[in-house]
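Visitor: One structure, as structure tokens, below. Some questions next.
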Amino acid sequence: MKLTDGDYSDLVVYLAQLFHKKNMRTFLIDRYRIEYDSCFVIDDLDTMEGHRKNEFPDSDEIDRLKSLAVAVTGISGNSACRIEISWDSVTIEPDVHPKLAREFVDVLDRSTFRYF
């Protein structure tokens, strides 16, 4: 399931800051358990080449993040979904109903108001 109907860059920055500042691999937002997996850091803006890292993004890398990958429990039962949030899309594997995907993204969007 891939959502491509919006700008998700605020979510990338929000989650990266949250992981960086709190230094916690797992946290709860509403009914969702979110666990950090990895991020993709752009090394060259001209070619968009970069590297994936499993450590939390450093503060000087947050503005160069292309995507953030997390494991989320609570979207569809108790099984975890792998979610990659990039600037212009959210990819959820395995596929879930679009309504469940949208509900998750909406909860993340609402939680950013507490941060920004």
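In the structure tokens, each chain is lettered A, B, ... as it comes, each chain's residues begin at 1, and ligands are numbered from 1 in order of appearance.
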Would you list the contacts of Pro98 (chain A) as a VMD selection string, taking every protein, DNA or RNA residue within 10 Å and counting only C-alpha atoms, but skipping same-chain residues closer than 4 positions in sequence?
Guide: chain A and resid 1 to 3 92 102 to 104
Visitor: Would you export the selected residues with C-alpha atoms as a PDB file, in the first residue's frame, please?
Guide:
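The result, written out as result_1.pdb:
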ATOM      1  CA  MET A   1       0.000   0.000   0.000  1.00  0.00           C
ATOM      2  CA  LYS A   2       1.445   3.343  -0.996  1.00  0.00           C
ATOM      3  CA  LEU A   3      -0.021   6.761  -0.219  1.00  0.00           C
ATOM      4  CA  ILE A  92       3.180   0.208   4.145  1.00  0.00           C
ATOM      5  CA  ARG A 102      -4.919   7.040   6.248  1.00  0.00           C
ATOM      6  CA  GLU A 103      -5.960   6.771   9.935  1.00  0.00           C
ATOM      7  CA  PHE A 104      -2.353   6.070  10.924  1.00  0.00           C
TER       8      PHE A 104
END
Visitor: Identify all residues of chain A in helix (DSSP H, G or I) (DSSP on the backbone) and supply them as a PyMOL selection string.
Guide: chain A and resi 9-22+62-64+98-115
Visitor: Contacts of region 78-80 of chain A at 10 Å or less, counting only C-alpha atoms, minus same-chain residues fewer than 5 places along, as a CSV table (one decimal) with all heavy atoms, in the first residue's frame?
Guide:
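Writing the result to around15.csv gives the following:
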chain,number,residue,atom,x,y,z
A,32,TYR,N,-0.7,3.2,18.4
A,32,TYR,CA,0.3,2.7,17.6
A,32,TYR,C,1.6,2.6,18.3
A,32,TYR,O,2.1,3.6,19.0
A,32,TYR,CB,0.5,3.5,16.3
A,32,TYR,CG,-0.7,3.7,15.6
A,32,TYR,CD1,-1.4,4.9,15.6
A,32,TYR,CD2,-1.3,2.7,14.8
A,32,TYR,CE1,-2.6,5.1,14.8
A,32,TYR,CE2,-2.4,2.8,14.1
A,32,TYR,CZ,-3.1,4.0,14.1
A,32,TYR,OH,-4.2,4.2,13.4
A,33,ARG,N,2.3,1.4,18.3
A,33,ARG,CA,3.6,1.2,18.8
A,33,ARG,C,4.6,1.4,17.6
A,33,ARG,O,4.5,0.7,16.7
A,33,ARG,CB,3.8,-0.2,19.4
A,33,ARG,CG,5.1,-0.4,20.0
A,33,ARG,CD,5.1,-1.9,20.6
A,33,ARG,NE,6.4,-2.2,21.1
A,33,ARG,CZ,7.4,-2.8,20.3
A,33,ARG,NH1,7.1,-3.1,19.0
A,33,ARG,NH2,8.5,-3.1,20.8
A,34,ILE,N,5.5,2.4,17.7
A,34,ILE,CA,6.4,2.7,16.6
A,34,ILE,C,7.8,2.4,17.0
A,34,ILE,O,8.2,2.9,18.1
A,34,ILE,CB,6.2,4.2,16.2
A,34,ILE,CG1,4.7,4.5,15.8
A,34,ILE,CG2,7.2,4.6,15.1
A,34,ILE,CD1,4.4,5.9,15.6
A,35,GLU,N,8.5,1.6,16.2
A,35,GLU,CA,9.9,1.3,16.5
A,35,GLU,C,10.8,1.7,15.4
A,35,GLU,O,10.5,1.4,14.2
A,35,GLU,CB,10.0,-0.2,16.7
A,35,GLU,CG,11.3,-0.7,17.1
A,35,GLU,CD,11.4,-2.2,17.4
A,35,GLU,OE1,10.4,-2.8,17.5
A,35,GLU,OE2,12.5,-2.7,17.5
A,70,VAL,N,10.2,2.6,9.8
A,70,VAL,CA,9.8,2.2,11.1
A,70,VAL,C,8.9,0.9,11.1
A,70,VAL,O,8.4,0.6,10.0
A,70,VAL,CB,8.9,3.3,11.9
A,70,VAL,CG1,9.8,4.5,12.1
A,70,VAL,CG2,7.7,3.7,11.1
A,71,ALA,N,8.8,0.2,12.2
A,71,ALA,CA,7.9,-0.9,12.3
A,71,ALA,C,6.8,-0.4,13.2
A,71,ALA,O,7.0,0.2,14.3
A,71,ALA,CB,8.6,-2.1,12.9
A,72,VAL,N,5.6,-0.6,12.8
A,72,VAL,CA,4.4,-0.1,13.5
A,72,VAL,C,3.4,-1.3,13.8
A,72,VAL,O,3.0,-2.0,12.9
A,72,VAL,CB,3.7,1.0,12.7
A,72,VAL,CG1,2.5,1.5,13.5
A,72,VAL,CG2,4.6,2.1,12.4
A,73,THR,N,3.1,-1.4,15.1
A,73,THR,CA,2.1,-2.3,15.5
A,73,THR,C,0.8,-1.5,15.9
A,73,THR,O,0.9,-0.4,16.4
A,73,THR,CB,2.5,-3.1,16.7
A,73,THR,OG1,3.8,-3.7,16.4
A,73,THR,CG2,1.6,-4.2,17.1
A,93,GLU,N,4.0,-2.1,4.3
A,93,GLU,CA,4.1,-3.5,3.9
A,93,GLU,C,3.9,-4.3,5.1
A,93,GLU,O,4.5,-4.0,6.2
A,93,GLU,CB,5.4,-3.8,3.2
A,93,GLU,CG,5.7,-3.1,1.9
A,93,GLU,CD,7.1,-3.3,1.4
A,93,GLU,OE1,7.9,-3.9,2.1
A,93,GLU,OE2,7.3,-2.8,0.3
A,94,PRO,N,3.1,-5.4,5.1
A,94,PRO,CA,2.3,-5.8,4.0
A,94,PRO,C,1.1,-4.8,3.9
A,94,PRO,O,0.8,-4.0,4.7
A,94,PRO,CB,1.8,-7.2,4.5
A,94,PRO,CG,1.9,-7.1,6.0
A,94,PRO,CD,3.0,-6.2,6.3
Visitor: If DSSP is run on the backbone, what residues of region 41-109 of chain A are strand (DSSP E)? A reply as a PyMOL selection string would be ideal.
Guide: chain A and resi 41-44+49-53+65-73+80-86+90-93
Visitor: Find the residue from A:Lys66, A:Lys53, A:Lys21, A:His97 that sits nearest to Asp37 (chain A); use only C-alpha atoms when measuring.
Guide: A:Lys53
Visitor: Need to verify the contact set: Val13 (chain A), 9 Å, only C-alpha atoms, exclusion of same-chain residues closer than 6 positions in sequence. Can you return it as a PyMOL selection string?
Guide: chain A and resi 62-63+65
Visitor: Within 9 Å of Arg52 (chain A), counting only C-alpha atoms, which residues show up once you throw out same-chain ones fewer than 5 positions away? Write them as a ChimeraX atom specification, please.
Guide: /A:38-42
Visitor: Keeping N, CA and C atoms for every residue in the selection just given, could you write it to a file as a PDB file, in the first residue's frame?
Guide:
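File produced: result.pdb:
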ATOM      1  N   SER A  38      15.384   2.420  10.407  1.00  0.00           N
ATOM      2  CA  SER A  38      16.522   3.014   9.708  1.00  0.00           C
ATOM      3  C   SER A  38      16.097   4.331   9.053  1.00  0.00           C
ATOM      4  N   CYS A  39      17.087   5.009   8.502  1.00  0.00           N
ATOM      5  CA  CYS A  39      16.808   6.228   7.739  1.00  0.00           C
ATOM      6  C   CYS A  39      17.727   6.254   6.527  1.00  0.00           C
ATOM      7  N   PHE A  40      17.341   7.029   5.524  1.00  0.00           N
ATOM      8  CA  PHE A  40      18.168   7.222   4.339  1.00  0.00           C
ATOM      9  C   PHE A  40      18.636   8.669   4.346  1.00  0.00           C
ATOM     10  N   VAL A  41      19.953   8.849   4.397  1.00  0.00           N
ATOM     11  CA  VAL A  41      20.566  10.175   4.459  1.00  0.00           C
ATOM     12  C   VAL A  41      21.166  10.496   3.097  1.00  0.00           C
ATOM     13  N   ILE A  42      20.809  11.649   2.541  1.00  0.00           N
ATOM     14  CA  ILE A  42      21.343  12.084   1.252  1.00  0.00           C
ATOM     15  C   ILE A  42      22.747  12.641   1.459  1.00  0.00           C
TER      16      ILE A  42
END
Visitor: Just want the 9 Å neighbourhood of Asp7 (chain A), counted on only C-alpha atoms, with same-chain residues fewer than 3 positions away dropped. Output as a list in words.
Guide: Thr4, Asp10, Leu11, Ser86, Trp87, Asp88 and Ser89 of chain A
